[in-house]
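Since the structure comes first, as structure tokens, the remarks are kept for the end.
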Amino acid sequence: MNSPNDVIVGPDGALYFTDPTLDLVKGERQEIPFQGVYRLGVKSGVNSGIEKSDKGNLRLLTKDLTQPNGLAFSPDGKRFYVDDSEQRNIRVYDVGADGNLTNGHIFAQEPGAERDGVPDGIKVDRDGNLFVTGPKGIWIWDPQGHHLGTIEMPEQPANLAWGDKDRGTLYITATTSMYRLRTKTLGFVP
């Protein structure tokens, strides 16, 4: 691996993660010639619906991103989002029953100046809207890829998570601080 970054549990119980080179320190070498998105099959669960041969197996799902970072599933598990920090965009894929990704294309762009921040962490609300850290704040996208607005932050956010009992609060990590933001929507937490 290069430097595994974000990880989530998929609707099938498997672990999905990105492997960019973003966290390699000076002098460390890239171990493989691409940056990928992977799926690690579940190891247990008699009635999980996962074939025995898949349990514990690591599978490359895509290597068509230059610096894959944050990732999330739509609430119905049929769409898979991955942002590319270098290209400053978010890609979306259809998810097959076997966990394979197809029909990948650019879902949205988050342009900005060099030091404005890049797409990083992704979370989804119950309506399927995406909350993506990006230049100067948290960009909100509807499920069709329309930019609904940006929550401007006092410092550059890196990641976020839904919290509290009702999942109505975003907890946001930033350059030097952590923030708590109550929202009018409720987060989707599988």
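Every chain in the structure tokens takes a letter, A first, then B, and so on in the order presented; its residues are numbered from 1, and the ligands are numbered from 1 following the presented order.
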* Could you tell me, as a PyMOL selection string, which residues of stretch 16-176 of chain A DSSP assigns to strand (DSSP E) when given the backbone? => chain A and resi 16-19+36-40+58-62+68-73+79-84+89-95+101-109+122-124+130-134+137-141+147-152+157-163+169-174
Per residue of stretch 54-99 of chain A within 10 Å of stretch 125-133 of chain A, which atom pair is closest and at what distance in Å (one decimal), using only C-alpha atoms, listed by chain and increasing number, as JSON lines?
```
{"residue": "A:Gly70", "atom": "CA", "partner": "A:Val132", "partner_atom": "CA", "distance": 8.3}
{"residue": "A:Leu71", "atom": "CA", "partner": "A:Val132", "partner_atom": "CA", "distance": 9.6}
{"residue": "A:Ala72", "atom": "CA", "partner": "A:Leu130", "partner_atom": "CA", "distance": 8.7}
{"residue": "A:Phe73", "atom": "CA", "partner": "A:Gly128", "partner_atom": "CA", "distance": 9.0}
{"residue": "A:Ser74", "atom": "CA", "partner": "A:Gly128", "partner_atom": "CA", "distance": 5.8}
{"residue": "A:Pro75", "atom": "CA", "partner": "A:Gly128", "partner_atom": "CA", "distance": 6.1}
{"residue": "A:Asp76", "atom": "CA", "partner": "A:Gly128", "partner_atom": "CA", "distance": 8.6}
{"residue": "A:Arg79", "atom": "CA", "partner": "A:Gly128", "partner_atom": "CA", "distance": 9.8}
{"residue": "A:Tyr81", "atom": "CA", "partner": "A:Leu130", "partner_atom": "CA", "distance": 9.0}
{"residue": "A:Asp83", "atom": "CA", "partner": "A:Val132", "partner_atom": "CA", "distance": 8.6}
{"residue": "A:Ile90", "atom": "CA", "partner": "A:Val132", "partner_atom": "CA", "distance": 9.0}
```
Those selected residues, please, written with C-alpha atoms and delivered as a short mmCIF file (atom, residue, chain, number, x, y, z; two decimals), in the first residue's frame.
```cif
data_model
loop_
_atom_site.label_atom_id
_atom_site.label_comp_id
_atom_site.auth_asym_id
_atom_site.auth_seq_id
_atom_site.Cartn_x
_atom_site.Cartn_y
_atom_site.Cartn_z
CA GLY A 70 -12.80 10.69 1.09
CA LEU A 71 -15.48 8.16 0.23
CA ALA A 72 -19.15 7.51 0.99
CA PHE A 73 -22.14 5.43 -0.11
CA SER A 74 -25.56 6.81 -0.95
CA PRO A 75 -28.20 5.84 1.64
CA ASP A 76 -29.57 3.11 -0.67
CA ARG A 79 -23.96 4.88 -5.55
CA TYR A 81 -18.64 8.62 -4.09
CA ASP A 83 -13.14 12.52 -4.09
CA ILE A 90 -15.82 14.06 -6.72
#
```
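Near A:Asp19, within 8 Å and counting only C-alpha atoms, sit A:Met1, A:Asn2, A:Ser3, A:Pro4, A:Asn5, A:Gln35, A:Gly36, A:Val37, A:Tyr38, A:Gln67, A:Pro68, A:Asn69, not including residues fewer than 3 positions from it in the same chain.
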* To do: Compare A:Arg39, A:Arg29, A:Arg91, A:Lys63 by their minimum atom-to-atom distance to A:Phe17, counting only C-alpha atoms, and give me the closest one.
  => A:Arg39
* Distance in Å - atom CA of A:Leu186 versus atom CA of A:Val7 ->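 Rounded to one decimal, the two atoms are 21.1 Å apart.
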* If we count only C-alpha atoms, what is near A:Gln87 at a cut-off of 9 Å, once residues fewer than 4 positions away on the same chain are taken out, given as a PyMOL selection string? -> chain A and resi 65-67+83+109-111+118-119
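Take atom CA of A:Gln30 and atom CA of A:Asn57: the distance between them is 22.4 Å.
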* To do: Determine the nearest neighbour of A:Gly187 from the options A:Val124, A:Ala174, A:Leu15, A:Leu148, counting only C-alpha atoms.
  => A:Val124
Compile the contact shell of A:Leu40 as a short mmCIF file (atom, residue, chain, number, x, y, z; two decimals) with all heavy atoms, in the first residue's frame: residues with an atom at most 8 Å away, counting only C-alpha atoms, same-chain residues fewer than 4 positions apart removed.
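File out_27.cif, as written:
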```cif
data_model
loop_
_atom_site.label_atom_id
_atom_site.label_comp_id
_atom_site.auth_asym_id
_atom_site.auth_seq_id
_atom_site.Cartn_x
_atom_site.Cartn_y
_atom_site.Cartn_z
N ALA A 14 -18.46 -4.97 4.12
CA ALA A 14 -17.04 -4.94 3.77
C ALA A 14 -16.45 -3.57 4.10
O ALA A 14 -17.18 -2.58 4.24
CB ALA A 14 -16.86 -5.24 2.28
N LEU A 15 -15.12 -3.53 4.21
CA LEU A 15 -14.42 -2.26 4.40
C LEU A 15 -13.98 -1.73 3.05
O LEU A 15 -13.44 -2.48 2.23
CB LEU A 15 -13.19 -2.45 5.29
CG LEU A 15 -13.46 -2.89 6.72
CD1 LEU A 15 -12.13 -3.11 7.46
CD2 LEU A 15 -14.31 -1.88 7.46
N TYR A 16 -14.23 -0.45 2.83
CA TYR A 16 -13.81 0.23 1.60
C TYR A 16 -12.85 1.33 2.02
O TYR A 16 -13.12 2.06 2.98
CB TYR A 16 -15.03 0.84 0.90
CG TYR A 16 -15.96 -0.19 0.32
CD1 TYR A 16 -16.82 -0.92 1.13
CD2 TYR A 16 -15.97 -0.44 -1.05
CE1 TYR A 16 -17.67 -1.88 0.60
CE2 TYR A 16 -16.83 -1.39 -1.60
CZ TYR A 16 -17.67 -2.11 -0.76
OH TYR A 16 -18.52 -3.06 -1.30
N LYS A 55 -14.50 -13.54 1.71
CA LYS A 55 -14.20 -13.17 3.10
C LYS A 55 -12.70 -12.98 3.30
O LYS A 55 -11.91 -13.89 3.09
CB LYS A 55 -14.76 -14.21 4.06
CG LYS A 55 -16.27 -14.24 4.04
CD LYS A 55 -16.82 -15.26 4.97
CE LYS A 55 -18.33 -15.26 4.89
NZ LYS A 55 -18.90 -16.30 5.74
N GLY A 56 -12.32 -11.77 3.71
CA GLY A 56 -10.93 -11.45 3.98
C GLY A 56 -10.10 -11.11 2.76
O GLY A 56 -8.92 -10.79 2.87
N ASN A 57 -10.69 -11.15 1.58
CA ASN A 57 -9.95 -10.84 0.36
C ASN A 57 -9.93 -9.34 0.09
O ASN A 57 -10.93 -8.65 0.26
CB ASN A 57 -10.55 -11.55 -0.85
CG ASN A 57 -10.28 -13.03 -0.83
OD1 ASN A 57 -9.37 -13.49 -0.17
ND2 ASN A 57 -11.08 -13.78 -1.56
N LEU A 58 -8.78 -8.87 -0.35
CA LEU A 58 -8.61 -7.47 -0.72
C LEU A 58 -8.74 -7.37 -2.23
O LEU A 58 -8.11 -8.12 -2.97
CB LEU A 58 -7.23 -6.97 -0.28
CG LEU A 58 -6.92 -5.51 -0.56
CD1 LEU A 58 -7.84 -4.62 0.25
CD2 LEU A 58 -5.46 -5.22 -0.24
N ARG A 59 -9.59 -6.42 -2.68
CA ARG A 59 -9.83 -6.27 -4.11
C ARG A 59 -9.68 -4.81 -4.51
O ARG A 59 -10.28 -3.93 -3.88
CB ARG A 59 -11.24 -6.76 -4.43
CG ARG A 59 -11.56 -6.73 -5.88
CD ARG A 59 -12.86 -7.42 -6.26
NE ARG A 59 -13.77 -7.71 -5.17
CZ ARG A 59 -15.09 -7.54 -5.25
NH1 ARG A 59 -15.64 -7.07 -6.35
NH2 ARG A 59 -15.86 -7.83 -4.24
#
```
